[in-house]
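Okay, my_file-v7.cif is below, mmCIF, C-alpha atoms (C1' of nucleotides):
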data_data
loop_
_atom_site.label_atom_id
_atom_site.label_comp_id
_atom_site.auth_asym_id
_atom_site.auth_seq_id
_atom_site.Cartn_x
_atom_site.Cartn_y
_atom_site.Cartn_z
CA MET A 169 -77.15 -34.61 -94.27
CA SER A 170 -79.84 -32.70 -92.47
CA TRP A 171 -83.12 -31.25 -93.66
CA SER A 172 -81.51 -27.91 -94.40
CA ASN A 173 -79.58 -29.45 -97.28
CA ALA A 174 -82.66 -30.84 -99.04
CA LEU A 175 -82.53 -28.25 -101.83
CA VAL A 176 -78.86 -28.89 -102.54
CA LYS A 177 -79.68 -32.56 -102.88
CA GLU A 178 -82.80 -31.93 -104.95
CA ILE A 179 -81.11 -29.97 -107.73
CA LEU A 180 -78.72 -32.88 -108.33
CA LYS A 181 -81.66 -34.88 -109.71
CA PRO A 182 -82.12 -34.17 -113.46
CA GLU A 183 -85.80 -35.14 -113.24
CA SER A 184 -86.39 -32.34 -110.73
CA LEU A 185 -85.24 -29.58 -113.07
CA ILE A 186 -88.06 -27.76 -114.85
CA ILE A 187 -85.63 -25.55 -116.76
CA SER A 188 -81.92 -24.92 -116.38
CA SER A 189 -78.98 -22.92 -117.68
CA GLU A 190 -75.26 -23.37 -117.27
CA ILE A 191 -75.26 -21.56 -113.94
CA ALA A 192 -78.77 -21.94 -112.47
CA VAL A 193 -81.81 -24.20 -112.32
CA VAL A 194 -85.55 -24.04 -111.59
CA ILE A 195 -87.39 -26.64 -109.51
CA ALA A 196 -90.89 -26.90 -108.06
CA ASP A 197 -91.17 -26.10 -104.35
CA LYS A 198 -91.81 -29.40 -102.54
CA PHE A 199 -94.31 -27.69 -100.23
CA PRO A 200 -95.92 -25.08 -102.52
CA LYS A 201 -97.55 -22.18 -100.69
CA ALA A 202 -99.73 -21.31 -103.69
CA ARG A 203 -101.11 -22.93 -106.85
CA HIS A 204 -97.76 -22.22 -108.52
CA HIS A 205 -94.52 -22.09 -106.57
CA TYR A 206 -91.05 -22.46 -108.09
CA LEU A 207 -87.51 -22.00 -106.81
CA VAL A 208 -84.60 -20.65 -108.85
CA LEU A 209 -81.18 -21.69 -107.53
CA PRO A 210 -77.58 -21.13 -108.62
CA LEU A 211 -75.40 -24.19 -109.16
CA ALA A 212 -72.60 -22.36 -107.38
CA ASP A 213 -72.41 -23.07 -103.67
CA ILE A 214 -73.91 -19.84 -102.36
CA PRO A 215 -75.49 -20.66 -98.98
CA SER A 216 -77.84 -17.67 -98.63
CA ILE A 217 -78.57 -14.00 -99.35
CA PHE A 218 -76.08 -13.15 -96.63
CA HIS A 219 -73.27 -14.38 -98.83
CA LEU A 220 -74.13 -12.05 -101.73
CA ASN A 221 -72.23 -8.99 -102.79
CA ARG A 222 -72.11 -6.80 -105.89
CA SER A 223 -70.00 -9.36 -107.74
CA HIS A 224 -73.11 -11.55 -107.82
CA LEU A 225 -75.30 -9.05 -109.71
CA PRO A 226 -74.91 -10.89 -113.07
CA LEU A 227 -75.86 -14.14 -111.35
CA LEU A 228 -78.91 -12.48 -109.79
CA GLU A 229 -79.97 -11.24 -113.21
CA GLU A 230 -79.67 -14.81 -114.48
CA LEU A 231 -81.86 -16.07 -111.63
CA HIS A 232 -84.42 -13.41 -112.48
CA LEU A 233 -84.32 -14.34 -116.16
CA LEU A 234 -84.99 -18.00 -115.31
CA ALA A 235 -87.85 -16.88 -113.07
CA ARG A 236 -89.45 -15.11 -116.02
CA ASN A 237 -88.75 -18.10 -118.23
CA VAL A 238 -90.45 -20.64 -116.00
CA VAL A 239 -93.57 -18.51 -115.78
CA GLU A 240 -93.59 -18.24 -119.57
CA VAL A 241 -92.95 -21.96 -120.07
CA LYS A 242 -95.86 -22.77 -117.77
CA GLY A 243 -98.11 -20.45 -119.78
CA LEU A 244 -98.78 -18.24 -116.76
CA HIS A 245 -98.81 -14.48 -116.24
CA TRP A 246 -95.78 -12.71 -114.74
CA GLN A 247 -97.95 -10.11 -113.02
CA ASP A 248 -99.63 -12.85 -111.00
CA PHE A 249 -96.40 -13.74 -109.20
CA ASN A 250 -94.37 -12.63 -106.22
CA VAL A 251 -90.66 -12.98 -106.94
CA GLY A 252 -88.07 -12.55 -104.20
CA PHE A 253 -86.05 -13.91 -101.34
CA HIS A 254 -86.94 -14.76 -97.76
CA ALA A 255 -85.32 -12.33 -95.35
CA GLU A 256 -84.79 -15.18 -92.90
CA PRO A 257 -83.97 -18.23 -95.02
CA SER A 258 -83.94 -21.68 -93.45
CA MET A 259 -82.69 -23.88 -96.26
CA GLN A 260 -79.13 -24.04 -97.52
CA ARG A 261 -78.42 -22.74 -101.05
CA LEU A 262 -79.63 -19.35 -102.18
CA HIS A 263 -83.10 -19.67 -103.72
CA LEU A 264 -85.33 -17.14 -105.45
CA HIS A 265 -89.03 -17.78 -104.80
CA VAL A 266 -91.46 -17.53 -107.72
CA VAL A 267 -94.90 -17.89 -106.15
CA SER A 268 -98.35 -17.11 -107.54
CA ARG A 269 -100.28 -14.56 -105.50
CA ASP A 270 -103.32 -16.77 -104.88
CA PHE A 271 -101.71 -18.47 -101.88
CA VAL A 272 -104.15 -21.33 -102.25
CA SER A 273 -102.45 -24.56 -101.20
CA PRO A 274 -102.74 -27.38 -98.65
CA SER A 275 -99.15 -26.59 -97.67
CA LEU A 276 -100.03 -23.03 -96.65
CA LYS A 277 -100.89 -23.96 -93.07
CA ASN A 278 -100.15 -21.09 -90.74
CA LYS A 279 -99.61 -17.38 -90.28
CA LYS A 280 -95.85 -17.68 -90.59
CA HIS A 281 -96.21 -19.20 -94.05
CA TRP A 282 -98.33 -16.31 -95.30
CA ASN A 283 -96.19 -13.67 -93.60
CA SER A 284 -93.03 -15.01 -95.20
CA PHE A 285 -94.38 -13.95 -98.59
CA ASN A 286 -96.52 -10.92 -97.76
CA THR A 287 -94.64 -8.84 -95.19
CA GLU A 288 -91.18 -7.39 -94.75
CA LEU A 289 -90.05 -11.00 -94.36
CA PHE A 290 -90.27 -11.17 -98.16
CA VAL A 291 -87.58 -9.28 -100.06
CA PRO A 292 -88.91 -8.70 -103.59
CA TYR A 293 -86.55 -8.84 -106.52
CA THR A 294 -87.50 -5.56 -108.17
CA SER A 295 -84.57 -4.92 -110.48
CA LYS A 296 -83.11 -1.50 -109.78
CA ALA A 297 -84.74 -1.13 -106.39
CA PHE A 298 -83.33 -4.48 -105.41
CA GLU A 299 -79.86 -3.78 -106.70
CA ALA A 300 -79.57 -0.30 -105.26
CA GLY A 301 -81.37 -0.91 -102.01
CA PHE A 302 -81.01 -4.47 -101.01
CA MET A 303 -77.41 -4.85 -102.09
CA ARG A 304 -76.52 -1.76 -100.10
CA GLN A 305 -78.31 -3.28 -97.13
CA LEU A 306 -76.31 -6.45 -97.60
CA GLU A 307 -73.10 -4.45 -97.49
CA HIS A 308 -74.41 -2.69 -94.42
CA HIS A 309 -75.13 -6.10 -92.97
CA GLU A 310 -71.54 -7.12 -93.49
CA GLN A 311 -70.48 -4.14 -91.46
CA THR A 312 -72.97 -4.35 -88.63
CA LYS A 313 -74.10 -7.98 -88.69
CA GLU A 314 -77.63 -6.67 -88.50
CA ILE A 315 -80.09 -5.98 -91.28
CA GLU A 316 -82.97 -3.57 -91.43
CA TYR A 317 -85.47 -3.89 -94.25
CA SER A 318 -86.92 -0.44 -94.67
CA GLY A 319 -88.20 -1.17 -98.15
"C1'" DG B 250 -87.98 -26.42 -94.09
"C1'" DT B 251 -92.07 -30.01 -91.85
"C1'" DT B 252 -94.31 -32.79 -88.31
"C1'" DC B 253 -95.90 -33.53 -83.85
"C1'" DT B 254 -97.87 -32.10 -79.63
"C1'" DA B 255 -98.37 -30.15 -74.82
"C1'" DG B 256 -99.97 -26.20 -72.77
"C1'" DA B 257 -101.89 -21.64 -73.35
"C1'" DA B 258 -105.30 -18.75 -75.16
"C1'" DC B 259 -109.66 -18.06 -76.90
"C1'" DG C 36 -114.20 -27.61 -77.17
"C1'" DT C 37 -111.37 -25.57 -80.60
"C1'" DT C 38 -107.61 -22.73 -82.08
"C1'" DC C 39 -103.14 -20.97 -81.48
"C1'" DT C 40 -98.35 -21.07 -80.15
"C1'" DA C 41 -93.81 -22.57 -79.22
"C1'" DG C 42 -90.41 -26.06 -78.78
"C1'" DA C 43 -88.31 -30.76 -79.89
"C1'" DA C 44 -86.94 -33.76 -83.45
"C1'" DC C 45 -80.70 -38.06 -81.97
#
Take the structure in the file and write it out as structure tokens.
Amino acid sequence: MSWSNALVKEILKPESLIISSEIAVVIADKFPKARHHYLVLPLADIPSIFHLNRSHLPLLEELHLLARNVVEVKGLHWQDFNVGFHAEPSMQRLHLHVVSRDFVSPSLKNKKHWNSFNTELFVPYTSKAFEAGFMRQLEHHEQTKEIEYSG
DNA sequence: GTTCTAGAAC
DNA sequence: GTTCTAGAAC
């Protein structure tokens, strides 16, 4: 098992789960890029955003609900967070980032780290905009094998 | 994804 | 001299 499967392995440990439902879980990012950084992952074996289609919309809503729940459970403020996916994911298993906007952390070490959450490399989950725009782009991706994030 | 580091850039 | 960048990691 290589490093790219670390998340898949992590969510098998009950002690790692902050909150969970029947189809998804929330864990703390092992290398947080801000004071608060959580990951929401489906239990289903979905490797990445590039494996999503419209049939996954209910699952995505569940991930978003758990994102809101973990912020509430931690007594934090939803408006202080960036919630979305990396456009160029490295780790196996789809994971929704829930990261506080302070970006104060020893693990935030270089420009690439910051860019991955603050440029077009970050694909925000913004409900309708996400569903209508990003999902269409995903379908486009399936056709062309190339994605353009126009926002 | 992180760590390490040689060579480049400043 | 210090910072930045890019590539290897068996």
For a cutoff of 12 Å around the file-coordinate point (-93.9, -34.6, -82.8), which residues qualify once you count all atoms listed in the file? I'd like the result as a PDB file with C-alpha atoms (C1' of nucleotides), keeping the file's coordinate frame.
ATOM      1  C1'  DT B 251     -92.070 -30.010 -91.850  1.00  0.00           C
ATOM      2  C1'  DT B 252     -94.310 -32.790 -88.310  1.00  0.00           C
ATOM      3  C1'  DC B 253     -95.900 -33.530 -83.850  1.00  0.00           C
ATOM      4  C1'  DT B 254     -97.870 -32.100 -79.630  1.00  0.00           C
ATOM      5  C1'  DA B 255     -98.370 -30.150 -74.820  1.00  0.00           C
TER       6       DA B 255
ATOM      7  C1'  DG C  42     -90.410 -26.060 -78.780  1.00  0.00           C
ATOM      8  C1'  DA C  43     -88.310 -30.760 -79.890  1.00  0.00           C
ATOM      9  C1'  DA C  44     -86.940 -33.760 -83.450  1.00  0.00           C
TER      10       DA C  44
END
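Relative to CA of Thr287 in chain A, CA of Glu256 in chain A is found at 11.9 Å.
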In Å to one decimal, how far is CA of Arg261 in chain A from CA of Glu178 in chain A? 10.9 Å
Proximity check chain A to chain C, 12 Å, nearest pairs one decimal Å, only C-alpha atoms (C1' of nucleotides), as a tab-separated table:
residue	atom	partner	partner_atom	distance
A:Ser170	CA	C:DA44	C1'	11.5
A:Trp171	CA	C:DA44	C1'	11.2
A:Asn278	CA	C:DC39	C1'	9.7
A:Lys279	CA	C:DC39	C1'	10.1
A:Lys280	CA	C:DT40	C1'	11.3
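Interatomic distance, CA of Ala255 in chain A to CA of Leu289 in chain A: 5.0 Å.
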Quick check on the file I pasted: which residues fall under the PyMOL selection byres ((chain A and resi 262-273) around 6)? Write them as a PyMOL selection string. chain A and resi 201-209+214-216+248-253+261+274-276
If you apply the PyMOL selection byres ((chain A and resi 235) around 8) to this file, what residues do you get, as a CSV table (one decimal) with C-alpha atoms, in the coordinates of the input?
chain,number,residue,atom,x,y,z
A,194,VAL,CA,-85.6,-24.0,-111.6
A,208,VAL,CA,-84.6,-20.6,-108.8
A,231,LEU,CA,-81.9,-16.1,-111.6
A,232,HIS,CA,-84.4,-13.4,-112.5
A,233,LEU,CA,-84.3,-14.3,-116.2
A,234,LEU,CA,-85.0,-18.0,-115.3
A,236,ARG,CA,-89.4,-15.1,-116.0
A,237,ASN,CA,-88.8,-18.1,-118.2
A,238,VAL,CA,-90.4,-20.6,-116.0
A,239,VAL,CA,-93.6,-18.5,-115.8
A,251,VAL,CA,-90.7,-13.0,-106.9
A,266,VAL,CA,-91.5,-17.5,-107.7
Box along x, y and z, 5 Å on every side, all listed atoms of chain B inside: centre and edge lengths in Å to one decimal, as JSON.
{"center_x": -98.8, "center_y": -25.8, "center_z": -83.4, "size_x": 31.7, "size_y": 25.5, "size_z": 31.3}
